[in-house]
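Data block for query10.tsv (TSV, C-alpha atoms and all ligand atoms):
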chain	number	residue	atom	x	y	z
A	1	MET	CA	9.23	-54.60	90.62
A	2	ASN	CA	6.24	-56.81	91.21
A	3	GLU	CA	3.89	-54.25	92.61
A	4	SER	CA	1.08	-52.84	90.46
A	5	LEU	CA	1.67	-49.52	88.79
A	6	LEU	CA	-2.02	-49.28	87.95
A	7	SER	CA	-4.78	-50.96	89.85
A	8	ILE	CA	-8.39	-50.47	88.80
A	9	ASN	CA	-10.90	-51.64	91.37
A	10	ASN	CA	-14.64	-52.07	90.72
A	11	LEU	CA	-14.69	-49.27	88.17
A	12	LYS	CA	-18.13	-48.21	86.97
A	13	THR	CA	-18.50	-45.70	84.16
A	14	TYR	CA	-22.03	-45.00	83.04
A	15	PHE	CA	-23.58	-42.78	80.37
A	16	TYR	CA	-26.82	-41.21	81.53
A	17	THR	CA	-28.65	-40.90	78.21
A	18	GLU	CA	-32.26	-39.96	77.53
A	19	GLU	CA	-33.02	-43.58	76.70
A	20	GLY	CA	-31.52	-44.87	79.92
A	21	VAL	CA	-28.25	-45.60	81.71
A	22	VAL	CA	-25.59	-47.16	79.50
A	23	LYS	CA	-23.39	-49.22	81.80
A	24	ALA	CA	-20.35	-49.15	79.52
A	25	VAL	CA	-17.88	-50.18	82.22
A	26	ASP	CA	-19.53	-52.19	84.96
A	27	ASN	CA	-17.38	-53.30	87.88
A	28	VAL	CA	-14.10	-53.66	86.07
A	29	ASN	CA	-10.91	-54.75	87.83
A	30	LEU	CA	-7.51	-54.57	86.12
A	31	LYS	CA	-3.91	-54.50	87.25
A	32	ILE	CA	-0.73	-53.55	85.41
A	33	LYS	CA	2.69	-54.03	86.92
A	34	LYS	CA	5.71	-51.87	86.18
A	35	GLU	CA	7.09	-52.46	82.69
A	36	GLU	CA	4.25	-54.85	81.91
A	37	VAL	CA	2.09	-54.74	78.79
A	38	LEU	CA	-1.55	-55.63	79.35
A	39	GLY	CA	-3.77	-56.21	76.34
A	40	LEU	CA	-7.46	-55.33	76.67
A	41	VAL	CA	-9.47	-57.08	73.96
A	42	GLY	CA	-13.07	-57.45	72.95
A	43	GLU	CA	-15.35	-56.60	70.06
A	44	SER	CA	-16.35	-53.05	69.32
A	45	GLY	CA	-18.81	-51.68	71.89
A	46	CYS	CA	-17.51	-53.73	74.84
A	47	GLY	CA	-16.31	-50.71	76.84
A	48	LYS	CA	-12.58	-50.69	76.09
A	49	SER	CA	-12.28	-47.01	75.12
A	50	THR	CA	-14.51	-45.99	78.02
A	51	THR	CA	-12.13	-47.84	80.37
A	52	ALA	CA	-9.13	-46.03	78.84
A	53	ILE	CA	-10.78	-42.62	78.93
A	54	SER	CA	-11.80	-43.23	82.55
A	55	ILE	CA	-8.13	-43.79	83.48
A	56	MET	CA	-7.32	-40.40	81.93
A	57	ARG	CA	-10.35	-38.93	83.75
A	58	LEU	CA	-11.59	-37.52	80.45
A	59	ILE	CA	-15.13	-38.92	80.53
A	60	ARG	CA	-17.52	-36.18	79.45
A	61	ALA	CA	-21.24	-35.70	80.09
A	62	PRO	CA	-23.57	-37.55	79.83
A	63	GLY	CA	-20.89	-39.97	81.03
A	64	LYS	CA	-19.72	-40.20	84.62
A	65	ILE	CA	-17.45	-42.40	86.68
A	66	ALA	CA	-20.10	-43.78	89.00
A	67	GLY	CA	-17.87	-45.78	91.32
A	68	GLY	CA	-14.62	-47.56	91.99
A	69	GLU	CA	-10.98	-46.66	92.38
A	70	ILE	CA	-8.10	-46.14	89.97
A	71	TRP	CA	-4.83	-46.46	91.89
A	72	PHE	CA	-1.74	-45.23	90.08
A	73	ASP	CA	1.66	-45.00	91.69
A	74	GLY	CA	0.07	-45.37	95.12
A	75	GLU	CA	-2.64	-42.71	94.70
A	76	ASP	CA	-6.30	-42.89	93.70
A	77	LEU	CA	-6.69	-40.86	90.50
A	78	LEU	CA	-10.41	-40.51	91.14
A	79	LYS	CA	-9.63	-38.44	94.22
A	80	LYS	CA	-7.28	-36.01	92.46
A	81	SER	CA	-8.16	-32.42	91.62
A	82	GLU	CA	-8.58	-31.53	87.95
A	83	GLY	CA	-5.40	-29.42	88.17
A	84	LYS	CA	-3.36	-32.38	89.44
A	85	MET	CA	-4.90	-34.63	86.78
A	86	ARG	CA	-3.85	-32.19	84.07
A	87	LYS	CA	-0.24	-32.58	85.18
A	88	ILE	CA	-0.50	-36.37	85.16
A	89	ARG	CA	-2.09	-36.47	81.69
A	90	GLY	CA	0.62	-36.30	79.10
A	91	GLY	CA	3.10	-36.52	81.98
A	92	LYS	CA	3.21	-39.75	83.95
A	93	ILE	CA	0.34	-41.21	81.93
A	94	SER	CA	-0.18	-40.54	78.27
A	95	MET	CA	-2.67	-41.86	75.79
A	96	ILE	CA	-2.79	-42.61	72.11
A	97	PHE	CA	-6.41	-42.10	71.07
A	98	GLN	CA	-8.33	-44.33	68.68
A	99	ASN	CA	-8.49	-41.67	65.97
A	100	PRO	CA	-5.13	-39.90	65.56
A	101	MET	CA	-6.47	-37.19	63.26
A	102	SER	CA	-9.05	-36.15	65.83
A	103	SER	CA	-6.39	-35.81	68.50
A	104	LEU	CA	-3.91	-33.78	66.48
A	105	ASN	CA	-4.99	-30.17	66.23
A	106	PRO	CA	-5.35	-29.28	62.52
A	107	VAL	CA	-4.36	-25.61	62.95
A	108	PHE	CA	-0.92	-26.22	64.50
A	109	THR	CA	2.09	-27.92	62.97
A	110	VAL	CA	2.88	-31.44	64.16
A	111	GLY	CA	6.24	-30.27	65.51
A	112	GLY	CA	4.62	-27.36	67.32
A	113	GLN	CA	2.21	-29.67	69.10
A	114	ILE	CA	4.96	-32.04	70.22
A	115	ALA	CA	7.02	-29.04	71.36
A	116	GLU	CA	4.09	-27.86	73.50
A	117	ALA	CA	3.82	-31.29	75.09
A	118	ILE	CA	7.55	-31.29	75.85
A	119	LYS	CA	7.50	-27.75	77.27
A	120	LEU	CA	4.61	-28.63	79.55
A	121	HIS	CA	6.29	-31.59	81.15
A	122	GLN	CA	10.02	-31.29	80.74
A	123	ASN	CA	12.71	-28.81	81.50
A	124	VAL	CA	14.15	-28.29	78.04
A	125	GLN	CA	15.91	-25.11	76.90
A	126	LYS	CA	14.00	-23.18	74.24
A	127	ARG	CA	16.72	-23.49	71.62
A	128	GLU	CA	16.95	-27.24	72.15
A	129	ILE	CA	13.27	-27.93	71.68
A	130	LYS	CA	13.26	-28.18	67.90
A	131	GLU	CA	16.15	-30.57	68.03
A	132	LYS	CA	14.38	-32.65	70.63
A	133	VAL	CA	11.17	-32.76	68.55
A	134	ALA	CA	13.12	-33.89	65.47
A	135	GLU	CA	14.83	-36.54	67.56
A	136	ILE	CA	11.51	-37.95	68.77
A	137	LEU	CA	9.99	-37.88	65.27
A	138	ASP	CA	13.06	-39.68	64.01
A	139	LYS	CA	12.66	-42.32	66.71
A	140	VAL	CA	9.13	-43.12	65.56
A	141	GLY	CA	10.29	-43.41	61.97
A	142	ILE	CA	9.13	-40.12	60.38
A	143	PRO	CA	11.41	-39.49	57.38
A	144	ASP	CA	13.24	-36.12	57.18
A	145	PRO	CA	12.05	-35.22	60.67
A	146	SER	CA	13.56	-31.73	60.82
A	147	GLU	CA	11.54	-30.77	57.73
A	148	ARG	CA	8.39	-32.78	58.43
A	149	LEU	CA	7.99	-31.19	61.85
A	150	GLU	CA	6.90	-28.03	60.04
A	151	ASP	CA	3.98	-29.91	58.40
A	152	TYR	CA	0.36	-29.63	59.43
A	153	PRO	CA	-1.47	-32.86	60.42
A	154	HIS	CA	-3.37	-33.06	57.09
A	155	GLU	CA	-0.06	-33.28	55.28
A	156	TYR	CA	0.66	-36.55	57.06
A	157	SER	CA	-0.71	-39.94	55.93
A	158	GLY	CA	-2.78	-41.96	58.43
A	159	GLY	CA	0.24	-44.05	59.37
A	160	MET	CA	2.43	-41.01	59.86
A	161	ALA	CA	-0.21	-39.25	61.94
A	162	GLN	CA	-0.38	-42.35	64.11
A	163	ARG	CA	3.40	-42.25	64.52
A	164	ALA	CA	3.22	-38.57	65.37
A	165	MET	CA	0.63	-39.39	68.05
A	166	ILE	CA	2.94	-42.03	69.46
A	167	ALA	CA	5.77	-39.49	69.38
A	168	MET	CA	3.64	-37.00	71.27
A	169	ALA	CA	2.58	-39.63	73.81
A	170	LEU	CA	6.20	-40.61	74.39
A	171	SER	CA	7.66	-37.12	74.42
A	172	CYS	CA	7.16	-36.94	78.18
A	173	ASN	CA	8.59	-40.37	79.04
A	174	PRO	CA	5.34	-41.65	80.56
A	175	GLU	CA	5.28	-44.36	83.19
A	176	LEU	CA	2.07	-45.64	81.66
A	177	LEU	CA	1.07	-45.49	78.01
A	178	VAL	CA	-2.58	-46.13	77.19
A	179	ALA	CA	-2.80	-47.06	73.51
A	180	ASP	CA	-6.36	-47.35	72.19
A	181	GLU	CA	-6.35	-49.41	68.99
A	182	PRO	CA	-3.10	-47.77	67.81
A	183	THR	CA	-2.97	-49.81	64.62
A	184	THR	CA	-6.63	-50.14	63.64
A	185	ASN	CA	-7.42	-48.80	60.15
A	186	LEU	CA	-3.77	-48.86	59.14
A	187	ASP	CA	-2.55	-51.20	56.43
A	188	VAL	CA	-0.83	-54.38	57.50
A	189	THR	CA	2.73	-53.18	56.77
A	190	ILE	CA	2.35	-50.00	58.78
A	191	GLN	CA	0.53	-51.95	61.49
A	192	ALA	CA	3.55	-54.23	61.82
A	193	GLN	CA	5.93	-51.26	61.83
A	194	ILE	CA	4.00	-49.52	64.59
A	195	LEU	CA	3.96	-52.66	66.72
A	196	GLU	CA	7.70	-53.05	66.22
A	197	LEU	CA	8.11	-49.44	67.19
A	198	MET	CA	6.08	-49.90	70.36
A	199	LYS	CA	8.12	-52.99	71.21
A	200	ALA	CA	11.35	-51.02	70.85
A	201	LEU	CA	9.98	-48.10	72.80
A	202	ARG	CA	8.85	-50.35	75.57
A	203	LYS	CA	12.42	-51.59	75.85
A	204	ASP	CA	14.00	-48.12	75.59
A	205	PHE	CA	11.58	-46.25	77.84
A	206	GLY	CA	10.64	-49.03	80.28
A	207	ALA	CA	7.03	-47.88	80.34
A	208	SER	CA	4.00	-50.00	81.20
A	209	ILE	CA	1.46	-50.19	78.41
A	210	LEU	CA	-2.28	-50.77	78.31
A	211	LEU	CA	-2.77	-51.89	74.72
A	212	ILE	CA	-6.36	-51.93	73.53
A	213	GLY	CA	-7.57	-53.78	70.47
A	214	HIS	CA	-10.32	-55.91	69.01
A	215	ASP	CA	-7.95	-58.38	67.34
A	216	LEU	CA	-6.33	-60.88	69.70
A	217	GLY	CA	-3.81	-61.78	67.00
A	218	VAL	CA	-2.42	-58.27	66.72
A	219	ILE	CA	-2.53	-57.60	70.46
A	220	SER	CA	-0.61	-60.75	71.33
A	221	GLU	CA	2.50	-59.49	69.52
A	222	LEU	CA	3.26	-57.14	72.34
A	223	CYS	CA	1.49	-58.26	75.50
A	224	ASP	CA	2.50	-60.12	78.63
A	225	LYS	CA	-1.05	-60.50	79.82
A	226	ILE	CA	-4.51	-60.28	78.30
A	227	ALA	CA	-7.82	-59.16	79.77
A	228	VAL	CA	-10.86	-60.07	77.68
A	229	MET	CA	-13.77	-57.64	77.96
A	230	TYR	CA	-17.35	-58.37	77.00
A	231	ALA	CA	-20.33	-56.03	77.36
A	232	GLY	CA	-18.79	-53.85	80.07
A	233	LYS	CA	-17.18	-56.64	82.08
A	234	ILE	CA	-13.87	-58.47	82.22
A	235	VAL	CA	-14.63	-62.12	81.48
A	236	GLU	CA	-11.14	-63.63	81.46
A	237	ASN	CA	-7.71	-62.54	82.57
A	238	SER	CA	-4.46	-64.43	82.15
A	239	ASP	CA	-0.94	-64.41	80.77
A	240	LEU	CA	-0.50	-65.05	77.05
A	241	THR	CA	-0.06	-68.80	77.39
A	242	GLY	CA	-3.22	-69.13	79.42
A	243	ILE	CA	-5.26	-67.26	76.84
A	244	PHE	CA	-3.78	-68.89	73.76
A	245	LYS	CA	-3.20	-72.45	75.00
A	246	LYS	CA	-5.90	-72.82	77.63
A	247	PRO	CA	-8.66	-70.29	76.95
A	248	LYS	CA	-11.51	-70.94	79.35
A	249	HIS	CA	-14.29	-68.48	78.60
A	250	PRO	CA	-16.46	-69.36	75.58
A	251	TYR	CA	-16.11	-65.73	74.40
A	252	THR	CA	-12.29	-65.92	74.52
A	253	GLN	CA	-12.47	-69.22	72.65
A	254	ALA	CA	-14.70	-67.65	70.01
A	255	LEU	CA	-12.38	-64.64	69.67
A	256	LEU	CA	-9.44	-66.98	69.15
A	257	GLU	CA	-11.28	-68.95	66.50
A	258	SER	CA	-11.99	-65.75	64.61
A	259	ILE	CA	-8.29	-64.82	64.24
A	260	PRO	CA	-6.99	-65.37	60.71
A	261	ARG	CA	-4.16	-67.91	60.81
A	262	LEU	CA	-1.58	-68.41	58.10
A	263	ASP	CA	-1.05	-72.07	58.93
A	264	VAL	CA	-4.62	-73.26	58.48
A	265	GLU	CA	-5.74	-71.95	55.13
A	266	THR	CA	-8.51	-74.40	54.48
A	267	GLU	CA	-10.48	-73.88	57.66
A	268	ARG	CA	-13.06	-71.19	57.51
A	269	LEU	CA	-12.82	-68.48	60.12
A	270	ARG	CA	-15.49	-68.62	62.71
A	271	ILE	CA	-17.67	-65.63	63.09
A	272	ILE	CA	-19.16	-65.10	66.52
A	273	PRO	CA	-22.90	-65.18	65.96
A	274	GLY	CA	-24.98	-62.23	67.15
A	275	THR	CA	-23.73	-58.84	68.27
A	276	VAL	CA	-22.52	-57.11	71.42
A	277	PRO	CA	-25.69	-56.14	73.30
A	278	ARG	CA	-26.64	-52.54	73.94
A	279	LEU	CA	-25.57	-51.75	77.43
A	280	ILE	CA	-28.74	-49.96	78.51
A	281	ASN	CA	-30.51	-53.21	79.12
A	282	PRO	CA	-27.88	-55.91	79.00
A	283	PRO	CA	-28.90	-59.59	79.11
A	284	SER	CA	-29.49	-60.93	82.62
A	285	GLY	CA	-27.03	-63.24	84.34
A	286	CYS	CA	-24.06	-63.81	82.05
A	287	ARG	CA	-24.20	-61.08	79.43
A	288	PHE	CA	-22.82	-63.48	76.83
A	289	HIS	CA	-25.59	-66.06	77.27
A	290	PRO	CA	-27.64	-65.18	74.15
A	291	ARG	CA	-24.55	-65.85	72.01
A	292	CYS	CA	-23.02	-68.72	73.95
A	293	GLU	CA	-23.23	-72.26	72.64
A	294	HIS	CA	-22.67	-73.65	76.14
A	295	ALA	CA	-25.38	-71.60	77.85
A	296	MET	CA	-27.21	-73.40	80.64
A	297	LYS	CA	-30.25	-72.47	82.74
A	298	ILE	CA	-28.19	-70.77	85.44
A	299	CYS	CA	-26.49	-68.55	82.84
A	300	SER	CA	-29.49	-66.28	82.35
A	301	GLU	CA	-30.32	-66.28	86.06
A	302	GLN	CA	-27.08	-65.57	87.85
A	303	GLU	CA	-24.08	-63.45	87.03
A	304	PRO	CA	-20.89	-65.52	86.98
A	305	LEU	CA	-18.15	-63.89	89.07
A	306	LEU	CA	-14.49	-63.69	88.13
A	307	THR	CA	-12.84	-66.64	89.83
A	308	GLU	CA	-9.21	-67.69	89.87
A	309	ILE	CA	-9.09	-71.18	88.40
A	310	GLU	CA	-5.35	-71.40	87.94
A	311	LYS	CA	-2.60	-69.18	89.27
A	312	GLU	CA	-3.22	-65.67	87.87
A	313	HIS	CA	-5.84	-67.03	85.46
A	314	THR	CA	-9.33	-65.79	86.24
A	315	VAL	CA	-12.57	-66.44	84.40
A	316	ALA	CA	-16.22	-65.45	84.86
A	317	CYS	CA	-18.27	-68.37	83.57
A	318	HIS	CA	-20.64	-70.87	85.17
A	319	LEU	CA	-18.92	-73.72	83.37
A	320	TYR	CA	-16.20	-73.34	85.99
A	321	THR	CA	-18.14	-72.14	88.98
A	322	SER	CA	-21.26	-74.30	88.93
A	323	ASN	CA	-21.51	-78.06	89.23
A	324	SER	CA	-21.83	-78.48	85.48
A	325	LYS	CA	-18.95	-80.13	83.72
A	326	PRO	CA	-16.96	-77.93	81.35
A	327	SER	CA	-17.09	-79.17	77.79
A	328	HIS	CA	-13.57	-77.96	76.96
B	1	LIG	N1	-20.79	-40.59	74.90
B	1	LIG	C1	-21.52	-41.70	74.96
B	1	LIG	N2	-22.84	-41.66	75.18
B	1	LIG	C2	-23.58	-42.79	75.27
B	1	LIG	N3	-23.09	-44.03	75.14
B	1	LIG	C3	-21.76	-44.16	74.92
B	1	LIG	C4	-20.90	-43.00	74.80
B	1	LIG	N4	-19.64	-43.43	74.57
B	1	LIG	C5	-19.70	-44.79	74.54
B	1	LIG	N5	-20.97	-45.22	74.75
B	1	LIG	C6	-21.44	-46.62	74.80
B	1	LIG	O1	-20.63	-47.33	75.69
B	1	LIG	C7	-20.41	-48.65	75.23
B	1	LIG	C8	-18.92	-48.92	75.17
B	1	LIG	O2	-18.32	-48.08	74.18
B	1	LIG	P1	-16.75	-48.03	73.99
B	1	LIG	O3	-16.10	-47.84	75.30
B	1	LIG	O4	-16.47	-47.02	72.93
B	1	LIG	O5	-16.43	-49.50	73.45
B	1	LIG	P2	-15.17	-50.05	72.64
B	1	LIG	O6	-14.05	-49.09	72.80
B	1	LIG	O7	-14.91	-51.38	73.29
B	1	LIG	O8	-15.61	-50.20	71.24
B	1	LIG	C9	-21.10	-48.75	73.87
B	1	LIG	O9	-22.33	-49.38	74.09
B	1	LIG	C10	-21.26	-47.32	73.46
B	1	LIG	O10	-22.41	-47.17	72.66
B	2	LIG	S1	-21.70	-68.34	82.02
B	2	LIG	FE1	-22.93	-69.60	80.67
B	2	LIG	S2	-23.55	-68.28	79.00
B	2	LIG	FE2	-21.85	-67.29	80.09
B	2	LIG	S3	-20.08	-67.91	78.96
B	2	LIG	FE3	-20.29	-69.36	80.62
B	2	LIG	S4	-21.50	-71.02	79.75
B	2	LIG	FE4	-21.70	-69.31	78.35
B	3	MG	MG	-12.94	-48.14	71.28

structure tokens encoding of this file:
Amino acid sequence: MNESLLSINNLKTYFYTEEGVVKAVDNVNLKIKKEEVLGLVGESGCGKSTTAISIMRLIRAPGKIAGGEIWFDGEDLLKKSEGKMRKIRGGKISMIFQNPMSSLNPVFTVGGQIAEAIKLHQNVQKREIKEKVAEILDKVGIPDPSERLEDYPHEYSGGMAQRAMIAMALSCNPELLVADEPTTNLDVTIQAQILELMKALRKDFGASILLIGHDLGVISELCDKIAVMYAGKIVENSDLTGIFKKPKHPYTQALLESIPRLDVETERLRIIPGTVPRLINPPSGCRFHPRCEHAMKICSEQEPLLTEIEKEHTVACHLYTSNSKPSH
């Protein structure tokens, strides 16, 4: 039960553009145990989607997985043939992409697409397929599922398309679900419904989930553990309590301070100054140093390495690895 289902070791995914090499994922390590939900958070442009797409082995030129290992169920996915990967995708591992409309094919009905996914990975009798599709659509909360399965994607609202994507991802009972910002751009009510749905599905299906998002508040609803990503690197990794009660990395602290809270109306939300750097020429040393209020001399000179400072709580910051005293 305790072993890792997914173990990413020193993953490097680079985009070889005309302007230079974009090191979107640069030595990333992540682990997900069976039935565990890991949240991957960070601002836009930090490399979250690239990490997810690397797991699916769907990185396209000019991108390339330049190094590392992705162990899943005891095998390195990076060593698998494309044919074997195709069986794993939408089988043992499935993914909900950031933009549901772009992943549903506009020329086929929603039901038809889910039926295809089922046929590919499960042994279901032809006459039972429609029933099965309606059952799955019903599970994700699509009203009148046996009628709505005949609809084309454009006839669905954004929220319904997102549900249909979740239905498709779950139609094959995956062992690992990679969900890339599954609730971004949806209104708050639907966002809450989709999170509830994922919670229920996690319980029913017993799948592990990699849940990606830029909002720590939303992510925390569902996760057991959180990995914080900044500019292509994991900067902090801990269980929920560690991140929310004892955040160590200044970036994690800043992300937490930028979450809207209902209980403190008067305080203004903090905005993290500056922007995520372009990853062609990232800042030297700690990539967060130009935006960090605790930056010291060593921070621009030496890269801080991920270090375990409490049990299963790791952080990459010189405040904890150098002789300087932490200010928090
Ligand atoms: N196809 C691509 N070509 C060049 N650069 C890319 C490509 N896809 C992503 N990137 C770059 O990789 C970095 C990480 O992007 P992404 O993984 O989409 O981040 P996130 O999902 O955290 O917003 C960004 O700097 C982005 O510009
Ligand atoms: S290493 Fe330095 S710049 Fe980076 S987060 Fe820590 S204190 Fe800030
Ligand atoms: Mg993304």

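Each residue with an atom within 10 Å of any atom of ligand MG 3 (chain B) appears in the list, which was built counting all atoms listed in the file: Val41, Gly42, Glu43, Ser44, Gly45, Cys46, Gly47, Lys48, Ser49, Thr50, Thr51, Ala52, Ile53, Phe97, Gln98, Asn99, Asp180, Glu181, Ile212, Gly213 and His214 of chain A.
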
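Across the model, the gap from CA of Asn10 (chain A) to CA of Asn27 (chain A) is 4.1 Å.
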
Please return the centre and edge lengths, in Å to one decimal, of a box with edges along x, y and z that contains all listed atoms of region 187-193 of chain A, widened by 8 Å on every side, as AutoDock Vina command-line options.
--center_x 1.7 --center_y -52.2 --center_z 59.1 --size_x 24.5 --size_y 20.4 --size_z 21.4

Across A:Cys317, A:Met56, A:Ala231, A:Ile88, the smallest distance to ligand LIG 2 (chain B), with only C-alpha atoms and all ligand atoms counted, is shown by A:Cys317

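Residues in contact with His121 (chain A) at up to 12 Å, not including ones fewer than 4 positions away on its chain and judged by only C-alpha atoms, are Arg86, Lys87, Ile88, Arg89, Gly90, Gly91, Lys92, Ile93, Ser94, Ile114, Ala115, Glu116, Ala117, Met168, Ala169, Leu170, Ser171, Cys172, Asn173 and Pro174 of chain A.
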
Taking the point (-1.9, -64.6, 74.6) as given in the file, collect each protein or nucleic acid residue that comes within 9 Å of it, counting only C-alpha atoms, and present the set as a PyMOL selection string. chain A and resi 39+216-217+219-221+223-226+238-245

Save out the residues we just selected, C-alpha atoms, as a PDB file, keeping the file's coordinate frame.
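See again12.pdb below for the written result:
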ATOM      1  CA  GLY A  39      -3.770 -56.210  76.340  1.00  0.00           C
ATOM      2  CA  LEU A 216      -6.330 -60.880  69.700  1.00  0.00           C
ATOM      3  CA  GLY A 217      -3.810 -61.780  67.000  1.00  0.00           C
ATOM      4  CA  ILE A 219      -2.530 -57.600  70.460  1.00  0.00           C
ATOM      5  CA  SER A 220      -0.610 -60.750  71.330  1.00  0.00           C
ATOM      6  CA  GLU A 221       2.500 -59.490  69.520  1.00  0.00           C
ATOM      7  CA  CYS A 223       1.490 -58.260  75.500  1.00  0.00           C
ATOM      8  CA  ASP A 224       2.500 -60.120  78.630  1.00  0.00           C
ATOM      9  CA  LYS A 225      -1.050 -60.500  79.820  1.00  0.00           C
ATOM     10  CA  ILE A 226      -4.510 -60.280  78.300  1.00  0.00           C
ATOM     11  CA  SER A 238      -4.460 -64.430  82.150  1.00  0.00           C
ATOM     12  CA  ASP A 239      -0.940 -64.410  80.770  1.00  0.00           C
ATOM     13  CA  LEU A 240      -0.500 -65.050  77.050  1.00  0.00           C
ATOM     14  CA  THR A 241      -0.060 -68.800  77.390  1.00  0.00           C
ATOM     15  CA  GLY A 242      -3.220 -69.130  79.420  1.00  0.00           C
ATOM     16  CA  ILE A 243      -5.260 -67.260  76.840  1.00  0.00           C
ATOM     17  CA  PHE A 244      -3.780 -68.890  73.760  1.00  0.00           C
ATOM     18  CA  LYS A 245      -3.200 -72.450  75.000  1.00  0.00           C
TER      19      LYS A 245
END

Throw together the list of residues within 12 Å of ligand LIG 2 (chain B), counting only C-alpha atoms and all ligand atoms, and drop it here as JSON, numbers by chain. {"A": [230, 231, 233, 234, 235, 236, 247, 248, 249, 250, 251, 252, 253, 254, 283, 284, 285, 286, 287, 288, 289, 290, 291, 292, 293, 294, 295, 296, 297, 298, 299, 300, 301, 302, 303, 304, 305, 306, 307, 315, 316, 317, 318, 319, 320, 321, 322, 323, 324, 325, 326, 327, 328]}

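For the residues A:Ala61, A:Leu176, A:Ile209, A:Val37, ranking by smallest atom-to-atom distance to ligand LIG 1 (chain B) using only C-alpha atoms and all ligand atoms places A:Ala61 first.
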
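A straight line drawn from CA of Val140 (chain A) to CA of Ser4 (chain A) is 27.9 Å long.
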
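Our summary of the geometry notes that CA of Leu177 (chain A) is positioned 9.5 Å from CA of Arg202 (chain A).
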
Anything within 10 Å of (-16.0, -51.2, 93.7): list those residues as a list of chain:residue names, counting only C-alpha atoms and sticking to the file's coordinates. A:Ile8, A:Asn9, A:Asn10, A:Leu11, A:Lys12, A:Asp26, A:Asn27, A:Val28, A:Asn29, A:Ala66, A:Gly67, A:Gly68, A:Glu69
